[in-house]
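Trainee: target.txt is the file, holding compact mmCIF, C-alpha atoms:
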```txt
# COMPACT_ATOMS: atom_id res chain seq x y z
CA SER A 1012 26.51 -75.29 215.98
CA SER A 1013 26.13 -73.54 219.33
CA SER A 1014 23.13 -74.00 221.62
CA VAL A 1015 21.60 -71.88 224.36
CA SER A 1016 19.68 -73.14 227.39
CA LEU A 1017 16.14 -71.97 228.04
CA ASP A 1018 17.23 -70.19 231.21
CA ALA A 1019 19.86 -68.30 229.26
CA ALA A 1020 17.49 -67.53 226.43
CA PHE A 1021 15.03 -65.82 228.75
CA HIS A 1022 17.71 -63.87 230.61
CA PRO A 1023 17.31 -60.09 230.01
CA SER A 1024 20.91 -59.74 228.86
CA PHE A 1025 20.41 -62.46 226.23
CA ARG A 1026 17.20 -60.86 224.91
CA THR A 1027 18.98 -57.51 224.64
CA LYS A 1028 21.87 -59.17 222.83
CA ALA A 1029 19.51 -60.96 220.47
CA LYS A 1030 17.63 -57.74 219.73
CA THR A 1031 20.91 -55.95 219.07
CA THR A 1032 22.05 -58.76 216.78
CA LYS A 1033 18.82 -58.65 214.72
CA ARG A 1034 19.08 -54.89 214.49
CA LYS A 1035 22.72 -55.21 213.40
CA VAL A 1036 21.90 -57.77 210.71
CA ALA A 1037 19.06 -55.60 209.37
CA SER A 1038 21.29 -52.55 209.39
CA GLN A 1039 24.10 -54.38 207.58
CA TRP A 1040 21.73 -55.62 204.87
CA TYR A 1041 20.22 -52.17 204.37
CA ASN A 1042 23.65 -50.51 204.26
CA SER A 1043 24.86 -53.04 201.71
CA ARG A 1044 21.92 -52.13 199.51
CA ILE A 1045 22.77 -48.45 199.92
CA ASN A 1046 26.36 -49.08 198.84
CA LYS A 1047 25.16 -51.04 195.81
CA PHE A 1048 22.76 -48.33 194.71
CA SER A 1049 25.29 -45.59 195.42
CA GLU A 1050 27.73 -47.26 193.02
CA GLY A 1051 25.02 -46.95 190.38
CA GLY A 1052 24.84 -43.22 190.87
CA LEU A 1053 21.75 -42.93 193.10
CA ILE A 1054 21.97 -40.16 195.67
CA GLY A 1055 19.99 -39.01 198.65
CA MET A 1056 20.00 -42.40 200.44
CA ARG A 1057 21.15 -42.73 204.01
CA MET A 1058 21.77 -45.34 206.67
CA ARG A 1059 18.76 -46.26 208.77
CA THR A 1060 18.96 -45.61 212.46
CA ASP A 1061 18.30 -48.07 215.27
CA GLU A 1062 15.10 -46.18 216.08
CA GLU A 1063 13.82 -46.61 212.53
CA LEU A 1064 14.59 -50.33 212.56
CA ASP A 1065 12.75 -50.68 215.88
CA SER A 1066 9.82 -48.74 214.39
CA ASP A 1067 9.61 -51.22 211.50
CA GLY A 1068 9.49 -54.10 213.93
CA LEU A 1069 6.71 -52.40 215.87
CA PHE A 1070 4.74 -51.85 212.65
CA VAL A 1071 5.02 -55.54 211.73
CA GLU A 1072 3.94 -56.55 215.23
CA ARG A 1073 0.86 -54.29 215.04
CA PHE A 1074 0.00 -55.60 211.59
CA GLN A 1075 0.17 -59.21 212.75
CA ARG A 1076 -1.94 -58.40 215.81
CA ARG A 1077 -4.56 -56.68 213.64
CA ARG A 1078 -4.59 -59.58 211.19
CA THR A 1079 -5.20 -62.01 214.04
CA GLN A 1080 -8.04 -59.86 215.37
CA VAL A 1081 -9.70 -59.78 211.94
CA ARG A 1082 -9.37 -63.54 211.54
CA ASN A 1083 -10.89 -64.12 214.96
CA ARG A 1084 -13.78 -61.77 214.14
CA ILE A 1085 -14.44 -63.61 210.87
CA GLU A 1086 -14.43 -66.97 212.64
CA TYR A 1087 -16.82 -65.66 215.27
CA GLU A 1088 -19.21 -64.20 212.70
CA ARG A 1089 -19.02 -67.34 210.62
CA ALA A 1090 -20.16 -69.41 213.59
CA GLN A 1091 -23.18 -67.10 214.05
CA ARG A 1092 -24.35 -67.31 210.42
CA PRO A 1093 -26.06 -70.00 208.35
CA PRO A 1094 -25.78 -72.74 207.40
CA ASN A 1095 -26.20 -73.83 211.00
CA PRO A 1096 -28.14 -76.93 212.10
CA GLU A 1097 -29.16 -75.13 215.30
CA TYR A 1098 -31.28 -72.60 213.37
CA ASP A 1099 -34.86 -73.32 212.37
CA PRO A 1100 -36.19 -72.07 208.98
CA LYS A 1101 -37.27 -68.63 210.24
CA GLN A 1102 -34.01 -68.10 212.10
CA THR A 1103 -32.10 -69.09 208.97
CA VAL A 1104 -33.99 -66.55 206.85
CA THR A 1105 -33.61 -63.83 209.47
CA LYS A 1106 -29.86 -64.38 209.74
CA LEU A 1107 -29.44 -64.35 205.96
CA LEU A 1108 -31.41 -61.13 205.54
CA HIS A 1109 -29.49 -59.44 208.35
CA GLY A 1110 -26.17 -60.48 206.80
CA LEU A 1111 -27.20 -59.26 203.35
CA SER A 1112 -28.32 -55.88 204.72
CA HIS A 1113 -24.81 -55.48 206.21
CA PRO A 1114 -22.90 -57.06 203.30
CA HIS A 1115 -19.41 -55.88 204.28
CA ASP A 1116 -19.45 -56.86 207.94
CA PRO A 1117 -16.87 -57.99 208.98
CA ILE A 1118 -15.19 -58.00 205.52
CA ARG A 1119 -16.29 -57.07 202.01
CA HIS A 1120 -19.14 -59.13 200.53
CA PHE A 1121 -19.25 -61.40 203.58
CA GLY A 1122 -23.05 -61.31 203.75
CA VAL A 1123 -23.29 -62.35 200.09
CA LYS A 1124 -20.76 -65.15 200.62
CA VAL A 1125 -22.86 -66.54 203.43
CA LEU A 1126 -25.89 -66.64 201.10
CA LEU A 1127 -23.84 -68.62 198.56
CA GLU A 1128 -22.65 -71.02 201.21
CA SER A 1129 -26.23 -71.43 202.47
CA SER A 1130 -27.66 -72.40 199.08
CA THR A 1131 -28.41 -75.78 197.54
CA LYS A 1132 -26.43 -76.67 194.44
CA GLU A 1133 -29.47 -75.81 192.28
CA TRP A 1134 -29.93 -72.34 193.77
CA LEU A 1135 -26.19 -71.76 193.80
CA ARG A 1136 -26.17 -72.43 190.06
CA VAL A 1137 -28.87 -69.76 189.58
CA LEU A 1138 -26.90 -67.24 191.66
CA THR A 1139 -23.64 -67.91 189.81
CA GLN A 1140 -25.34 -67.44 186.45
CA SER A 1141 -26.85 -64.18 187.71
CA ALA A 1142 -23.35 -63.08 188.68
CA GLY A 1143 -22.16 -63.77 185.14
CA VAL A 1144 -20.52 -67.14 185.82
CA THR A 1145 -21.80 -69.55 183.17
CA LYS A 1146 -19.34 -72.45 183.32
CA THR A 1147 -20.51 -75.68 184.89
CA MET A 1148 -18.93 -76.44 188.26
CA SER A 1149 -19.69 -78.34 191.42
CA LYS A 1150 -20.62 -76.60 194.65
CA ALA A 1151 -17.31 -77.62 196.22
CA SER A 1152 -15.27 -76.07 193.40
CA ILE A 1153 -17.28 -72.85 193.61
CA ILE A 1154 -16.71 -72.55 197.34
CA ASP A 1155 -13.01 -73.33 197.05
CA ASP A 1156 -12.02 -71.40 193.94
CA ASP A 1157 -14.56 -68.78 192.93
CA LEU A 1158 -16.44 -67.65 196.03
CA ASP A 1159 -14.82 -64.21 196.25
CA LEU A 1160 -15.35 -63.52 192.55
CA ILE A 1161 -18.97 -64.69 192.52
CA SER A 1162 -19.96 -62.82 195.68
CA SER A 1163 -18.37 -59.63 194.39
CA SER A 1164 -20.07 -59.96 190.99
CA LEU A 1165 -23.43 -60.80 192.54
CA TYR A 1166 -23.20 -57.81 194.87
CA ARG A 1167 -22.44 -55.48 191.96
CA ALA A 1168 -25.44 -56.88 190.08
CA MET A 1169 -27.73 -56.25 193.05
CA ILE A 1170 -26.71 -52.61 193.47
CA ARG A 1171 -27.19 -51.57 189.85
CA PRO A 1172 -29.31 -48.41 189.39
CA ASN A 1173 -33.06 -49.07 189.54
CA GLN A 1174 -32.42 -52.63 190.72
CA GLN A 1175 -35.24 -53.76 192.99
CA PHE A 1176 -32.99 -56.09 194.95
CA GLN A 1177 -30.90 -53.17 196.23
CA ILE A 1178 -33.04 -53.25 199.34
CA LEU A 1179 -31.55 -56.60 200.34
CA VAL A 1180 -27.98 -55.27 200.50
CA GLY A 1181 -28.68 -52.06 202.39
CA GLU A 1182 -28.78 -49.76 199.36
CA ASP A 1183 -32.44 -48.77 199.68
CA GLU A 1184 -34.99 -48.25 202.45
CA ASP A 1185 -34.29 -49.82 205.84
CA PHE A 1186 -36.75 -52.56 206.69
CA LEU A 1187 -38.05 -54.84 209.41
CA VAL A 1188 -38.65 -58.55 208.85
CA ASP A 1189 -42.08 -59.98 209.62
CA PHE A 1190 -43.26 -63.61 209.43
CA PRO A 1191 -47.07 -63.51 209.05
CA THR A 1192 -47.63 -67.28 208.91
CA ASP A 1193 -46.21 -70.49 210.29
CA THR A 1194 -43.60 -72.48 208.41
CA VAL A 1195 -45.22 -74.80 205.85
CA GLN A 1196 -43.77 -78.29 205.69
CA LEU A 1197 -43.61 -79.62 202.14
CA ASP A 1198 -41.87 -82.89 201.35
CA GLU A 1199 -39.62 -84.52 203.91
CA GLY A 1200 -36.68 -82.23 204.52
CA GLU A 1201 -38.27 -79.32 202.66
CA CYS A 1202 -40.31 -76.33 203.83
CA TRP A 1203 -41.65 -72.95 202.71
CA VAL A 1204 -41.42 -69.71 204.68
CA GLU A 1205 -43.16 -66.44 203.90
CA CYS A 1206 -41.58 -63.27 205.17
CA ARG A 1207 -42.44 -59.63 204.63
CA LEU A 1208 -40.18 -56.61 204.52
CA ARG A 1209 -41.79 -53.52 206.04
CA GLY A 1210 -40.49 -49.98 206.16
CA MET A 1211 -38.67 -49.41 209.42
CA THR A 1212 -40.15 -45.96 209.96
CA THR A 1213 -43.44 -46.24 208.03
CA ASP A 1214 -44.38 -49.91 208.60
CA GLU A 1215 -45.41 -49.90 204.94
CA LEU A 1216 -45.39 -53.27 203.19
CA LEU A 1217 -42.48 -53.24 200.76
CA VAL A 1218 -41.78 -56.79 199.63
CA VAL A 1219 -43.09 -60.31 200.25
CA LEU A 1220 -40.63 -63.18 199.87
CA GLY A 1221 -41.32 -66.89 199.70
CA TRP A 1222 -38.34 -69.01 200.73
CA THR A 1223 -38.18 -72.68 199.80
CA LEU A 1224 -35.63 -74.35 202.07
CA GLN A 1225 -34.17 -77.84 202.01
CA LYS A 1226 -32.42 -79.59 204.86
CA GLU A 1227 -28.81 -80.48 204.28
CA GLU A 1228 -28.23 -84.24 204.37
CA THR A 1229 -24.92 -84.24 206.26
CA GLU A 1230 -25.20 -81.53 208.93
CA GLY A 1231 -28.97 -81.03 208.91
CA ALA A 1232 -28.82 -77.27 208.33
CA TRP A 1233 -31.49 -75.53 206.24
CA LEU A 1234 -30.34 -74.34 202.81
CA VAL A 1235 -32.00 -71.96 200.36
CA HIS A 1236 -33.44 -73.83 197.39
CA LYS A 1237 -35.56 -71.09 195.83
CA ILE A 1238 -36.71 -67.53 196.57
CA ASP A 1239 -39.89 -66.00 195.15
CA TRP A 1240 -40.43 -62.26 195.19
CA GLN A 1241 -43.51 -60.02 195.19
CA ASP A 1242 -42.77 -56.30 195.20
CA PHE A 1243 -45.32 -53.83 196.57
CA ARG A 1244 -43.33 -50.65 195.97
CA GLU A 1245 -44.72 -48.39 193.28
CA SER A 1246 -41.44 -48.32 191.36
CA TYR A 1247 -41.28 -52.10 191.07
CA ARG A 1248 -44.92 -53.14 190.98
CA PRO A 1249 -45.03 -56.66 189.42
CA GLY A 1250 -48.40 -56.38 187.67
CA ILE A 1251 -52.08 -55.56 187.81
CA GLY A 1252 -53.45 -56.50 191.21
CA ARG A 1253 -49.92 -57.22 192.41
CA GLU A 1254 -50.74 -60.90 192.37
CA GLU A 1255 -47.79 -62.08 190.32
CA TRP A 1256 -44.73 -63.64 191.89
CA GLU A 1257 -41.31 -63.18 190.38
CA ARG A 1258 -38.35 -65.42 190.98
CA ILE A 1259 -35.27 -63.68 192.32
CA CYS A 1260 -32.49 -64.00 189.76
CA GLY A 1261 -34.67 -66.30 187.68
```
Any chance you could give the structure as structure tokens?

Mentor:
Amino acid sequence: SSSVSLDAAFHPSFRTKAKTTKRKVASQWYNSRINKFSEGGLIGMRMRTDEELDSDGLFVERFQRRRTQVRNRIEYERAQRPPNPEYDPKQTVTKLLHGLSHPHDPIRHFGVKVLLESSTKEWLRVLTQSAGVTKTMSKASIIDDDLDLISSSLYRAMIRPNQQFQILVGEDEDFLVDFPTDTVQLDEGECWVECRLRGMTTDELLVVLGWTLQKEETEGAWLVHKIDWQDFRESYRPGIGREEWERICG
């Protein structure tokens, strides 16, 4: 087999020759296909020009560049979201709510996926059952095999008509997040956080959530173990006096 030195490979004349050779090979393959189809009676096909072959190469190059940009954006966003040991309980809740309210940034259902990844195995089991997944599986197998399906199904369940949890995924009134009290430490490695969703323009109290979080043993990040829900909107009032708490997805 023949070899080419690096100096020769980077010489302009060699690059032009290589480009011409690739173009020639592509043209020969395409023309052979034309001849084959023409023998079968197909008409209206023609030989592709050098400009068209160059255009295809440019399209592939742009596609690969765009794919790399999307991957980099996903990696960046992933590093900014929970679970993250650098975030305290309130920061964890804030990041999760922000991601859910923009569920398709940077890709579809990304905000819901982050919630799944930021859940304990017990809460993840509740979410998967709410998404219609009833088979028993470990957290690792869910993350590896079924994350896209579960996040998509859970999102569809949350945006159903007259579904009170639409507000979490940006399908209802815009809201601000307020933490009226300090974080309550429960058992070791477990805490409870109350947060309130208020209308962005009206400041009206919409929903009160109680988040039970547990600290991950390996990385030390806070994970969602349970979410309680008290709705103050007229359409979803939980009961007389509005004193009842309802479990999300429970």

Trainee: Quote the spacing between CA of Arg1089 in chain A and CA of Tyr1166 in chain A in Å to one decimal place.

Mentor: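 Between these atoms lies a distance of 18.9 Å.
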
Trainee: Just to confirm, what's the straight-line distance from CA of Tyr1098 in chain A to CA of Gly1231 in chain A in Å (one decimal)?

Mentor: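 Going from CA of Tyr1098 in chain A over to CA of Gly1231 in chain A, I get 9.8 Å.
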
Trainee: Could you list, as a PyMOL selection string, every residue within 10 Å of Glu1182 in chain A, counting all atoms listed in the file and ignoring same-chain residues fewer than 5 positions away?

Mentor: chain A and resi 1112-1113+1169-1171+1174-1177

Trainee: So what do you get for CA of Asp1185 in chain A versus CA of Pro1114 in chain A, distance-wise?

Mentor: 13.7 Å

Trainee: Would you list the contacts of range 1138-1143 of chain A as a list in words, taking every protein, DNA or RNA residue within 8 Å and counting all atoms listed in the file, but skipping same-chain residues closer than 2 positions in sequence?

Mentor: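 Here the qualifying residues turn out to be Leu1127, Trp1134, Leu1135, Arg1136, Thr1145, Ile1161, Ser1162, Ser1164, Leu1165, Ala1168 and Cys1260 of chain A.
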
Trainee: With all atoms listed in the file as the counted atoms, please give the residues lying no more than 10 Å from Gly1200 in chain A, apart from itself and same-chain residues fewer than 4 positions off, as an mmCIF file with C-alpha atoms, in the coordinates of the input.

Mentor:
```
data_model
loop_
_atom_site.group_PDB
_atom_site.id
_atom_site.type_symbol
_atom_site.label_atom_id
_atom_site.label_comp_id
_atom_site.auth_asym_id
_atom_site.auth_seq_id
_atom_site.Cartn_x
_atom_site.Cartn_y
_atom_site.Cartn_z
ATOM 1 C CA GLN A 1196 -43.770 -78.290 205.690
ATOM 2 C CA LEU A 1224 -35.630 -74.350 202.070
ATOM 3 C CA GLN A 1225 -34.170 -77.840 202.010
ATOM 4 C CA LYS A 1226 -32.420 -79.590 204.860
ATOM 5 C CA GLU A 1227 -28.810 -80.480 204.280
ATOM 6 C CA GLU A 1228 -28.230 -84.240 204.370
ATOM 7 C CA GLY A 1231 -28.970 -81.030 208.910
ATOM 8 C CA TRP A 1233 -31.490 -75.530 206.240
#
```

Trainee: Between A:Ser1163, A:Val1144, A:Arg1078, A:Glu1072, which residue has the minimum interatomic distance to His1115 in chain A, considering all atoms listed in the file?

Mentor: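 The shortest atom-to-atom distance to His1115 in chain A comes from A:Ser1163.
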